[in-house]
Every structure is written in structure tokens, then in C-alpha cells.
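A quick write-up on the structure given underneath.
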Amino acid sequence: MSASPAAARLRYTVVPARLDAHVFEVRLEIDPAGDPVLELALPGWLRGSYLVRDFAKHVFDLTVTRSGLPVRPERLDKARLRLPAGDGPVVVRYAVYAADESVRKAWLDRERGFFNASSLCYRVLGRDREALDLVIERPAQATTAPWRVATTLPAVAVDEQGFGRYRAADYEDLIDHPVEMAAFQRHDFEVQGIPHALVLSGRVQGDFARVCADLARICGVQRRFFGDQPALDQYLFLTHVVAAGYGGLEHRSSTALICSRGDFPRPGEAGLSREYRTFLGLASHEYFHLWNVKRITAQAFLESDLSREAYTRDLWHYEGVTSYYDDLFLLRAGVLEAASYLDVLAETATRLERTPGRHHHSLADASFETWIKYYQPDENSPNATTNYYVKGALVALCLDLTLRLRSTSSLDAVMQALWREYGATGIGVPEGGLAAMAQRLSGLDLSAEFEHWLHSTAELPLAELLAAFGVRAERRAATSALDEGGRTQARAQGLWAGLRLKPGENTVAQVLTDGPAQRAGLSAGDQLVALDGLRIGPNQWQRRLDAGVAGQPLTVHLFRGDELLERTLVPQPPPLDTWTLSLVEAVDPAVLARRQAWLGV
């Protein structure tokens with residue numbers, strides 16, 4: 001153990017207590033410091049994930065003692081407690097059910113423990129800015145293998161495995177350092193002398209020397225982009241590896257990721273697989289959030305105490321711009337070639353093209369309504385909503401190309417200026433801050449463009465802007481259900497029904513607006529059993545459909561619930577909803593210069 005300074009007046013102890021029941025036990029010790037009445041609250045949401053999740057719903061068996069005597073807390077609402085007035089130290093004990101395998105809450109079993117402190121630790125209201133201690137104890141029962149702890153919280157007195165006492169500057173600091181506990185793999189590397197590590201929980205093999213080398217290049221390019229700031233003591237990629245998964249959540253000196261077991265290259269494997277590119281893009285995205293979100297952040301987010309929604313119409317700036325840059329930095333780091341980067345852009349444009357909701361839901365509204373829509377999709381979401389990651393990335397592209405085409409500025413300059421003015425100073429970005437900065441730096445009046453891109457549902461001028469940079473943009477028909485856009489030599493698929501099936505099933509997952517399936521009266525949840533008198537086996541829907549003729553009716557038999565129904569479907573030729581972007585070989589010198597400044601080729 002290292003030398004141990006005096007304990008803080010607020011102390012949390014977290015015990016992985018009942019692994020098989022997914023239960024953490026938490027003890028909060030409060031030196032009242034003259035406060036006769038204390039109020040406690042758990043957050044309703046956590047920064048970077050914009051949905052009220054009501055973490056208090058997982059708390060049970062809560063008891064309170066004051067000076068060693070039991071007291072009964074008063075529940076003020078779903079998340080807040082008031083303790084009776086009195087003197088002497090307070091101890092709050094409770095259990096937390098932890099069975100959420102995502103990056104947003106907490107998980108506990110014999111293989112692994114993980115938590116965001118926002119799920120486990122009550123805030124002591126009025127003492128938010130006070131330093132506090134977090135003690136992480138060893139599991140109370142046997143694990144499948146000896147565990148270690150990985151977190152970027154500063155250690156005060158911990159053992160070789162990382163169990164012991166940590167110190168947070170205040171409550172916000174506490175909840176911005178997730179904790180991973182497992183028999184994980186840890187692969188260390190440096191970026192500009194700063195220790196970084198890839199921490200992997202779950203069964204996985206791969207060429208992690210290559211992965212760390214690629215991550216170091218990506219992180220290095222991003223840090224240089226922002227002037228080698230901010231200073232960090234360390235950075236961790238806390239990665240939970242599962243059979244099939246994808247996601248991440250940003251923090252001030254770490255990120256929590258979930259990815260698929262097949263995402264990593266095998267030793268000796270050359271080339272950049274789609275799966276590995278996806279992982280690197282995810283890591284790049286979350287690392288860019290070190291600046292855009294964690295430090296360049298909306299004033300509305302800074303003002304929020306996490307008890308209720310914090311509204312902004314600029315979420316496209318924080319997530320969409322980050323989505324634009326995540327793969328662009330793979331290109332700038334030399335991990336991705338220019339032609340492959342254009343394939344990634346084409347996939348993004350294809351995702352938007354295949355979303356009828358873009359005609360009904362503006363990007364600004366999608367940002368504002370994320371609290372009720374983005375994290376709670378249903379079968380009609382593609383018809384009624386816009387994804388601010390996807391369209392936001394394409395608006396960032398449009399803005400970048402417009403600035404480069406019509407001024408001496410760029411989105412790079414805008415983000416760097418936002419860092420200097422807001423991120424580096426800790427000042428919140430006012431609503432519309434990115435748009436205002438772009439106009440200030442460029443000297444352009446872009447009010448009409450921002451109105452078009454953000455507040456209308458009109459199509460984006462992708463093809464026109466890309467043409468000015470020597471990139472040909474074309475729309476074609478998909479070659480199969482697996483075709484997500486980009487270059488291909490395959491032929492277009494036969495016919496289109498305007499529906500999407502659940503993977504590996506004949507159950508309708510989504511019916512697209514005004515497509516053949518909707519006009520036939522098909523609905524999400526229908527189980528398709530026969531087409532034109534022939535039974536549909538697993539993965540046979542498209543093949544059966546392609547045996548028909550465009551414009552000629554087909555009889556569909558389906559189960560809706562337990563009722564056998566018959567519908568008439570009129571298939572159509574596949575729509576031109578798949579984008580391909582390619583470099584134009586012979587271009588004007590001015591066009592080539594613009595493209596080289598943007599893509600390097």
C-alpha cells in the first residue's frame with residue numbers, strides 16, 4: 001500500500017457483494033460538518049447519454065444510521081432522500097442491482113464487475129464540490145479468476161490489483177471515472193509521453209500490438225490537432241468484448257466501450273477488415289469526445305444537475321461533428337486510405353437516404369427530442385425520425401466543404417477556435433455556438449445554409465459540394481440486404497418490398513413509409529410464411545421475392561398473432577438509395593488543390 005492521507009469527509013465504499021445476484025453493496029459515510037439536515041439524490045441520467053434512466057430504481061434495502069442509531073429517511077421524490085435533523089456522523093447503506101451490460105450503468109457477475117458511479121453513489125446535495133473518497137473492496141465471493149481494477153480515478157492507497165481507496169475532486173469528478181473489475185487483459189502504450197492502455201474484459205484474442213500502434217497514431221493526430229492539449233495523467237480504453245456488440249461512452253480521461261469478439265485483427269493478418277475499421281472508428285469517436293463534449297460542451301449541459309433533461313438543439317454539433325471526424329482521423333493517421341474513407345462516407349449517406357424520417361424530422365428537432373426518441377426507437381422510427389449522428393456527420397461534411405470552397409477557413413479551424421475559447425477555459429458553449437463561430441471565422445453569412453441544414457427537411461447538397469472537391473457522388477440500387485453503400489462490383493438485387501426482416505427470421509421488423517409492404521397492409525411483427533403459394537424458409541424471402549416481376553401482384557400469407565392473413569404485395573424495382581463516392585482522376589488544378597487540402601490526395 002502507498003502512503004495514505006487523511007480520509008475525506010464524504011466516503012463511499014463499494015463492495016461486489018453478491019455476484020450471482022448481480023448486487024453491489026454501497027456504504028456512504030458522511031461527516032455532517034455542522035449540517036443538521038442532509039439531502040441525497042441519485043442522478044436521473046449520465047453525461048454523454050441523453051435519456052433519463054432513473055438510476056434510483058435499482059436501489060433497495062436502504063438503511064440510515066446517525067451516531068450509530070437508526071433513522072428513517074424521508075423520500076422527497078423518486079431520486080431524493082432527506083435525512084432527519086441531528087448531530088453526529090451518518091452512515092447510509094444500500095444495495096444496487098447491477099445487470100446492465102451496456103456502458104451506461106453497472107454490471108456484476110462472477111466474470112466481471114463494472115460501474116459508473118452515477119449508478120451507485122448518491123450525491124450529497126449542497127456538498128457537490130467537496131473532495132470525496134471511493135473505496136473499492138475485493139469481491140465478497142469467489143470469481144472465475146483473480147480480478148484487478150482499472151480506472152482513471154487518482155489512487156490514494158491501493159494494492160497491486162488496484163483495490164483500495166481513490167480520491168475524487170468532487171461529485172462530478174467521481175461520476176466521470178468508470179471502474180472496470182475483472183481478470184482483464186491490459187495492453188499499455190504511450191501518446192506524447194502520456195500513458196494509455198487498452199483494457200479488454202471478455203474472451204478475446206488478437207494482434208493487440210498492432211491495435212495499440214494504430215490507436216497511438218489516431219490519438220496522436222487528434223492531440224496535435226488540438227495543440228497537444230489537454231494535459232492528462234493517463235487515458236484508458238475500457239473495453240468489454242462480447243459476441244456481438246457496439247457502443248461507447250466518453251469520459252474526461254477514459255472511455256467505456258463494448259465491441260464484438262471478431263473486431264480485432266489476428267496475428268499476422270494484413271489489411272483493414274470492416275470489423276477492425278469499425279472498432280478503430282468507435283475508439284476514435286470516443287477519443288475525440290475528450291474535446292468535443294467533455295470540454296467543448298453545451299452551456300445547457302454544464303448547468304444541469306442531472307436530475308432532469310437538459311435540452312439543446314445543438315446535439316448534432318456534439319455527436320454529428322464527432323461522427324464526421326472519427327473516420328476522418330483514421331485517414332489522417334494513415335490507418336485508412338482515401339478511397340476507403342469515401343466508402344465510409346458513402347455508407348453514412350446511404351443510412352440517411354434509407355431513412356424516410358428525414359422528410360419529417362429536422363436535425364435540430366432530432367437533437368432537441370433525443371430524450372424521447374433516439375434511445376427509445378420503435379418499428380416506426382425510420383419513418384418518423386432523423387439520426388443526429390448520421391445526418392449531423394453529413395451536415396458537418398457540408399459545412400467543412402462549404403468553408404473550404406468559399407473562404408480560407410474550414411471546420412478544422414472552427415473546432416480549434418471552439419477549443420481555445422470554450423474548451424480550454426471551461427466556459428459552456430452557447431446555443432448555436434458552432435454556427436456563430438463558423439460565420440465569424442469565415443466572414444460568410446451562412447444563415448440560409450444553417451436554416452436549410454438544421455431546421456428544414458430538405459435534402460443536403462452532398463453531390464454538388466463533393467463535385468467541387470473532385471469526388472463523384474452517385475446513387476445506385478443495393479446489391480443485397482448486406483449492401484450498406486460504397487464501391488461494389490456486384491449486380492443490383494432483383495425486387496424491393498419496402499420492409500426489413502429481423503436477422504435470420506421471417507418476422508417483419510420495419511415497414512417503410514409508402515413502400516410496397518405498407519401499401520399491401522403488412523405490419524411490423526408479422527410472420528411471413530408463404531409468398532405466391534410457396535413456403536418461405538429461413539433467409540429465403542429475397543430469393544422468393546426475386547422470382548416475381550416488378551409491378552405484378554404476389555400473394556403473401558402471414559401470421560399476425562395467431563391469425564393467418566392474406567395480403568397482396570406488388571413488388572417494385574429497387575430504389576436508388578445506395579451511395580457510391582469515388583475520386584475523379586482528371587480534375588482541374590484548383591479542384592485538386594482543394595481535395596488535397598481536405599483528403600490529402
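Here's how to read the names in the C-alpha cells: chain A, B, ... by the order shown, residue numbers from 1 in each chain, ligand numbers from 1 in the order shown.
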
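Near Val570 in chain A, within 12 Å and counting only C-alpha atoms, sit Leu495, Trp496, Ala497, Gly498, Gly515, Pro516, Ala517, Gln518, Arg519, Ala520, Gly521, Leu522, Leu531, Asp532, Leu545, Asp546, Gly548, Val549, Ala550, Gly551, Gln552, Pro553, Leu554, Thr555 and Val556 of chain A; same-chain residues fewer than 4 positions away were not included.
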
Please extract the residues of range 309-421 of chain A with a backbone DSSP assignment of alpha helix (DSSP H) and present them as a compact mmCIF listing (two decimals) with C-alpha atoms, in the first residue's frame.
# COMPACT_ATOMS: atom_id res chain seq x y z
CA LEU A 315 -26.60 17.84 -30.17
CA VAL A 321 -19.38 16.58 -35.82
CA THR A 322 -17.62 13.90 -33.76
CA SER A 323 -19.03 11.27 -36.13
CA TYR A 324 -17.63 13.23 -39.08
CA TYR A 325 -14.18 13.40 -37.55
CA ASP A 326 -13.91 9.84 -36.16
CA ASP A 327 -13.19 8.21 -39.53
CA LEU A 328 -11.51 11.32 -40.94
CA PHE A 329 -8.85 10.90 -38.27
CA LEU A 330 -8.36 7.28 -39.37
CA LEU A 331 -7.46 8.76 -42.76
CA ARG A 332 -5.21 11.45 -41.28
CA ALA A 338 -8.72 7.96 -49.12
CA ALA A 339 -10.81 5.68 -51.33
CA SER A 340 -11.84 3.61 -48.30
CA TYR A 341 -12.65 6.76 -46.37
CA LEU A 342 -15.03 7.75 -49.18
CA ASP A 343 -16.65 4.33 -48.81
CA VAL A 344 -17.30 5.16 -45.14
CA LEU A 345 -18.83 8.50 -46.13
CA ALA A 346 -20.96 6.70 -48.71
CA GLU A 347 -22.24 4.34 -46.03
CA THR A 348 -23.24 7.32 -43.89
CA ALA A 349 -25.05 8.96 -46.82
CA THR A 350 -26.78 5.64 -47.55
CA ARG A 351 -28.04 5.36 -43.98
CA LEU A 352 -29.66 8.76 -44.26
CA GLU A 353 -31.06 8.02 -47.74
CA LEU A 363 -31.82 17.80 -37.43
CA ALA A 364 -32.41 20.49 -34.81
CA ASP A 365 -35.59 18.76 -33.67
CA ALA A 366 -33.81 15.41 -33.56
CA SER A 367 -31.23 16.97 -31.25
CA PHE A 368 -33.87 18.52 -29.00
CA SER A 381 -38.56 5.23 -36.06
CA PRO A 382 -37.04 5.03 -39.58
CA ASN A 383 -40.27 6.58 -40.95
CA ALA A 384 -40.58 9.39 -38.42
CA VAL A 390 -25.77 10.31 -39.18
CA LYS A 391 -27.27 13.50 -40.57
CA GLY A 392 -25.13 15.53 -38.18
CA ALA A 393 -21.98 13.99 -39.68
CA LEU A 394 -23.19 14.84 -43.19
CA VAL A 395 -24.03 18.42 -42.16
CA ALA A 396 -20.52 18.67 -40.69
CA LEU A 397 -19.22 17.49 -44.08
CA CYS A 398 -21.33 20.09 -45.88
CA LEU A 399 -20.10 22.82 -43.55
CA ASP A 400 -16.47 21.79 -43.90
CA LEU A 401 -16.64 21.70 -47.70
CA THR A 402 -18.57 24.99 -47.86
CA LEU A 403 -16.00 26.77 -45.69
CA ARG A 404 -13.11 25.34 -47.73
CA LEU A 405 -14.83 26.25 -51.01
CA ARG A 406 -15.98 29.78 -50.18
CA LEU A 411 -14.29 23.06 -39.89
CA ASP A 412 -10.83 22.29 -38.50
CA ALA A 413 -10.32 25.97 -37.76
CA VAL A 414 -13.79 26.21 -36.21
CA MET A 415 -13.21 23.29 -33.83
CA GLN A 416 -9.79 24.59 -32.84
CA ALA A 417 -11.27 28.01 -32.12
CA LEU A 418 -14.06 26.45 -30.06

Excluding same-chain residues fewer than 5 positions from His196 in chain A, what lies within 10 Å of it counting only C-alpha atoms, as a tab-separated table (two decimals) with N, CA, C and O atoms, in the first residue's frame?
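Printed below is selection.tsv as written:
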chain	number	residue	atom	x	y	z
A	187	HIS	N	-3.13	-3.75	-22.24
A	187	HIS	CA	-2.06	-3.50	-23.20
A	187	HIS	C	-1.73	-2.00	-23.15
A	187	HIS	O	-2.56	-1.16	-23.51
A	188	ASP	N	-0.53	-1.69	-22.72
A	188	ASP	CA	-0.13	-0.30	-22.49
A	188	ASP	C	0.62	0.27	-23.69
A	188	ASP	O	1.36	-0.44	-24.39
A	189	PHE	N	0.41	1.56	-23.93
A	189	PHE	CA	1.16	2.29	-24.95
A	189	PHE	C	1.18	3.75	-24.55
A	189	PHE	O	0.50	4.17	-23.60
A	190	GLU	N	2.00	4.53	-25.24
A	190	GLU	CA	2.13	5.95	-24.91
A	190	GLU	C	1.74	6.81	-26.09
A	190	GLU	O	1.92	6.43	-27.25
A	191	VAL	N	1.20	7.98	-25.78
A	191	VAL	CA	0.91	9.01	-26.77
A	191	VAL	C	1.46	10.31	-26.24
A	191	VAL	O	1.00	10.79	-25.19
A	212	CYS	N	-2.74	-1.41	-30.59
A	212	CYS	CA	-2.20	-0.30	-29.80
A	212	CYS	C	-1.40	0.68	-30.67
A	212	CYS	O	-1.45	1.90	-30.45
A	215	LEU	N	-4.02	2.72	-32.48
A	215	LEU	CA	-4.65	3.66	-31.56
A	215	LEU	C	-3.70	4.81	-31.22
A	215	LEU	O	-4.13	5.98	-31.12
A	216	ALA	N	-2.42	4.52	-31.05
A	216	ALA	CA	-1.45	5.57	-30.73
A	216	ALA	C	-1.37	6.59	-31.86
A	216	ALA	O	-1.28	7.80	-31.61
A	219	CYS	N	-4.74	8.65	-31.77
A	219	CYS	CA	-4.77	9.57	-30.62
A	219	CYS	C	-3.75	10.69	-30.80
A	219	CYS	O	-4.02	11.85	-30.44
A	232	LEU	N	-3.05	15.22	-19.57
A	232	LEU	CA	-3.68	14.05	-18.96
A	232	LEU	C	-2.64	13.26	-18.18
A	232	LEU	O	-1.48	13.16	-18.61
A	233	ASP	N	-3.04	12.68	-17.06
A	233	ASP	CA	-2.16	11.77	-16.34
A	233	ASP	C	-2.14	10.40	-17.02
A	233	ASP	O	-1.12	9.71	-17.01
A	234	GLN	N	-3.28	10.00	-17.58
A	234	GLN	CA	-3.40	8.72	-18.26
A	234	GLN	C	-4.70	8.72	-19.04
A	234	GLN	O	-5.55	9.59	-18.86
A	235	TYR	N	-4.86	7.72	-19.91
A	235	TYR	CA	-6.12	7.52	-20.63
A	235	TYR	C	-6.33	6.02	-20.80
A	235	TYR	O	-5.40	5.29	-21.18
A	236	LEU	N	-7.57	5.57	-20.55
A	236	LEU	CA	-7.90	4.15	-20.66
A	236	LEU	C	-9.04	3.93	-21.65
A	236	LEU	O	-10.05	4.64	-21.60
A	237	PHE	N	-8.88	2.93	-22.51
A	237	PHE	CA	-9.96	2.40	-23.33
A	237	PHE	C	-10.50	1.16	-22.61
A	237	PHE	O	-9.96	0.05	-22.76
A	253	SER	N	-11.06	11.25	-18.98
A	253	SER	CA	-9.75	10.63	-19.18
A	253	SER	C	-9.85	9.15	-19.49
A	253	SER	O	-8.89	8.41	-19.30
A	254	SER	N	-11.02	8.73	-19.95
A	254	SER	CA	-11.21	7.33	-20.33
A	254	SER	C	-12.46	7.23	-21.17
A	254	SER	O	-13.22	8.19	-21.33

Self-check item: Near-Arg223 in chain A list (12 Å; only C-alpha atoms; drop same-chain fewer than 2 positions) as number ranges by chain
Solution: A: 191-194, 216-221, 225-232, 284, 287-291, 329, 333, 416, 419

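Using only C-alpha atoms, the contacts of Cys121 in chain A at a cut-off of 8 Å, with sequence neighbours closer than 2 positions omitted, comprise Tyr12, Val26, Leu28, Leu42, Ala117, Ser118, Ser119 and Arg123 of chain A.
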
Exercise. Do a neighbour search on Glu585 in chain A at 10 Å with only C-alpha atoms, toss out local chain neighbours closer than 5 positions, and write the hits as a PyMOL selection string.
Key: chain A and resi 470-472+592

Quiz prompt | Between CA of Tyr422 in chain A and CA of Lys294 in chain A, distance in Å (one decimal) | solution = 11.1 Å

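If only C-alpha atoms are the atoms counted, then among A:Pro503, A:Gly494, A:Pro5, A:Pro430 the closest residue to Ile296 in chain A is A:Pro430.
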
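Across range 430-525 of chain A, DSSP run on the backbone finds strand (DSSP E or B) at Val471, Arg472, Ala473, Glu474, Arg475, Arg476, Trp496, Leu499, Arg500, Leu501, Thr507, Val508, Ala509, Gln510 and Val511 of chain A.
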
Serialized selection, N, CA and C atoms, as a PDB file, in the first residue's frame:
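Just written: again_19.pdb:
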ATOM      1  N   VAL A 471     -14.751  14.668 -56.213  1.00  0.00           N
ATOM      2  CA  VAL A 471     -15.331  13.404 -55.759  1.00  0.00           C
ATOM      3  C   VAL A 471     -16.662  13.217 -56.465  1.00  0.00           C
ATOM      4  N   ARG A 472     -16.800  12.108 -57.177  1.00  0.00           N
ATOM      5  CA  ARG A 472     -18.043  11.794 -57.880  1.00  0.00           C
ATOM      6  C   ARG A 472     -18.990  11.090 -56.917  1.00  0.00           C
ATOM      7  N   ALA A 473     -20.203  11.595 -56.798  1.00  0.00           N
ATOM      8  CA  ALA A 473     -21.221  11.014 -55.914  1.00  0.00           C
ATOM      9  C   ALA A 473     -22.362  10.480 -56.761  1.00  0.00           C
ATOM     10  N   GLU A 474     -22.654   9.195 -56.627  1.00  0.00           N
ATOM     11  CA  GLU A 474     -23.712   8.563 -57.410  1.00  0.00           C
ATOM     12  C   GLU A 474     -24.597   7.736 -56.493  1.00  0.00           C
ATOM     13  N   ARG A 475     -25.860   7.651 -56.857  1.00  0.00           N
ATOM     14  CA  ARG A 475     -26.785   6.776 -56.153  1.00  0.00           C
ATOM     15  C   ARG A 475     -27.147   5.608 -57.065  1.00  0.00           C
ATOM     16  N   ARG A 476     -27.189   4.432 -56.473  1.00  0.00           N
ATOM     17  CA  ARG A 476     -27.470   3.206 -57.226  1.00  0.00           C
ATOM     18  C   ARG A 476     -28.395   2.337 -56.393  1.00  0.00           C
ATOM     19  N   TRP A 496     -37.937  -5.116 -54.766  1.00  0.00           N
ATOM     20  CA  TRP A 496     -37.955  -4.413 -53.476  1.00  0.00           C
ATOM     21  C   TRP A 496     -39.367  -4.444 -52.914  1.00  0.00           C
ATOM     22  N   LEU A 499     -39.608  -3.438 -46.856  1.00  0.00           N
ATOM     23  CA  LEU A 499     -39.670  -3.917 -45.474  1.00  0.00           C
ATOM     24  C   LEU A 499     -38.295  -4.435 -45.068  1.00  0.00           C
ATOM     25  N   ARG A 500     -38.118  -4.547 -43.757  1.00  0.00           N
ATOM     26  CA  ARG A 500     -36.895  -5.115 -43.210  1.00  0.00           C
ATOM     27  C   ARG A 500     -37.279  -6.229 -42.251  1.00  0.00           C
ATOM     28  N   LEU A 501     -36.574  -7.363 -42.365  1.00  0.00           N
ATOM     29  CA  LEU A 501     -36.848  -8.512 -41.514  1.00  0.00           C
ATOM     30  C   LEU A 501     -35.865  -8.555 -40.352  1.00  0.00           C
ATOM     31  N   THR A 507     -39.755 -12.627 -39.637  1.00  0.00           N
ATOM     32  CA  THR A 507     -40.609 -11.689 -38.916  1.00  0.00           C
ATOM     33  C   THR A 507     -40.290 -10.274 -39.364  1.00  0.00           C
ATOM     34  N   VAL A 508     -41.309  -9.515 -39.706  1.00  0.00           N
ATOM     35  CA  VAL A 508     -41.111  -8.150 -40.184  1.00  0.00           C
ATOM     36  C   VAL A 508     -40.664  -7.269 -39.020  1.00  0.00           C
ATOM     37  N   ALA A 509     -39.531  -6.600 -39.190  1.00  0.00           N
ATOM     38  CA  ALA A 509     -39.030  -5.683 -38.168  1.00  0.00           C
ATOM     39  C   ALA A 509     -39.519  -4.262 -38.421  1.00  0.00           C
ATOM     40  N   GLN A 510     -39.498  -3.832 -39.692  1.00  0.00           N
ATOM     41  CA  GLN A 510     -39.895  -2.468 -40.034  1.00  0.00           C
ATOM     42  C   GLN A 510     -40.563  -2.466 -41.405  1.00  0.00           C
ATOM     43  N   VAL A 511     -41.555  -1.604 -41.554  1.00  0.00           N
ATOM     44  CA  VAL A 511     -42.222  -1.371 -42.827  1.00  0.00           C
ATOM     45  C   VAL A 511     -42.014   0.095 -43.181  1.00  0.00           C
TER      46      VAL A 511
END

Practice problem: Identify, on the basis of only C-alpha atoms, every residue whose closest approach to range 199-209 of chain A does not exceed 9 Å; exclude the query and any residue fewer than 4 positions from it along the same chain; express the result as a ChimeraX atom specification. | Solution: /A:111-112,150,180-188,213-214,236-242,261-269
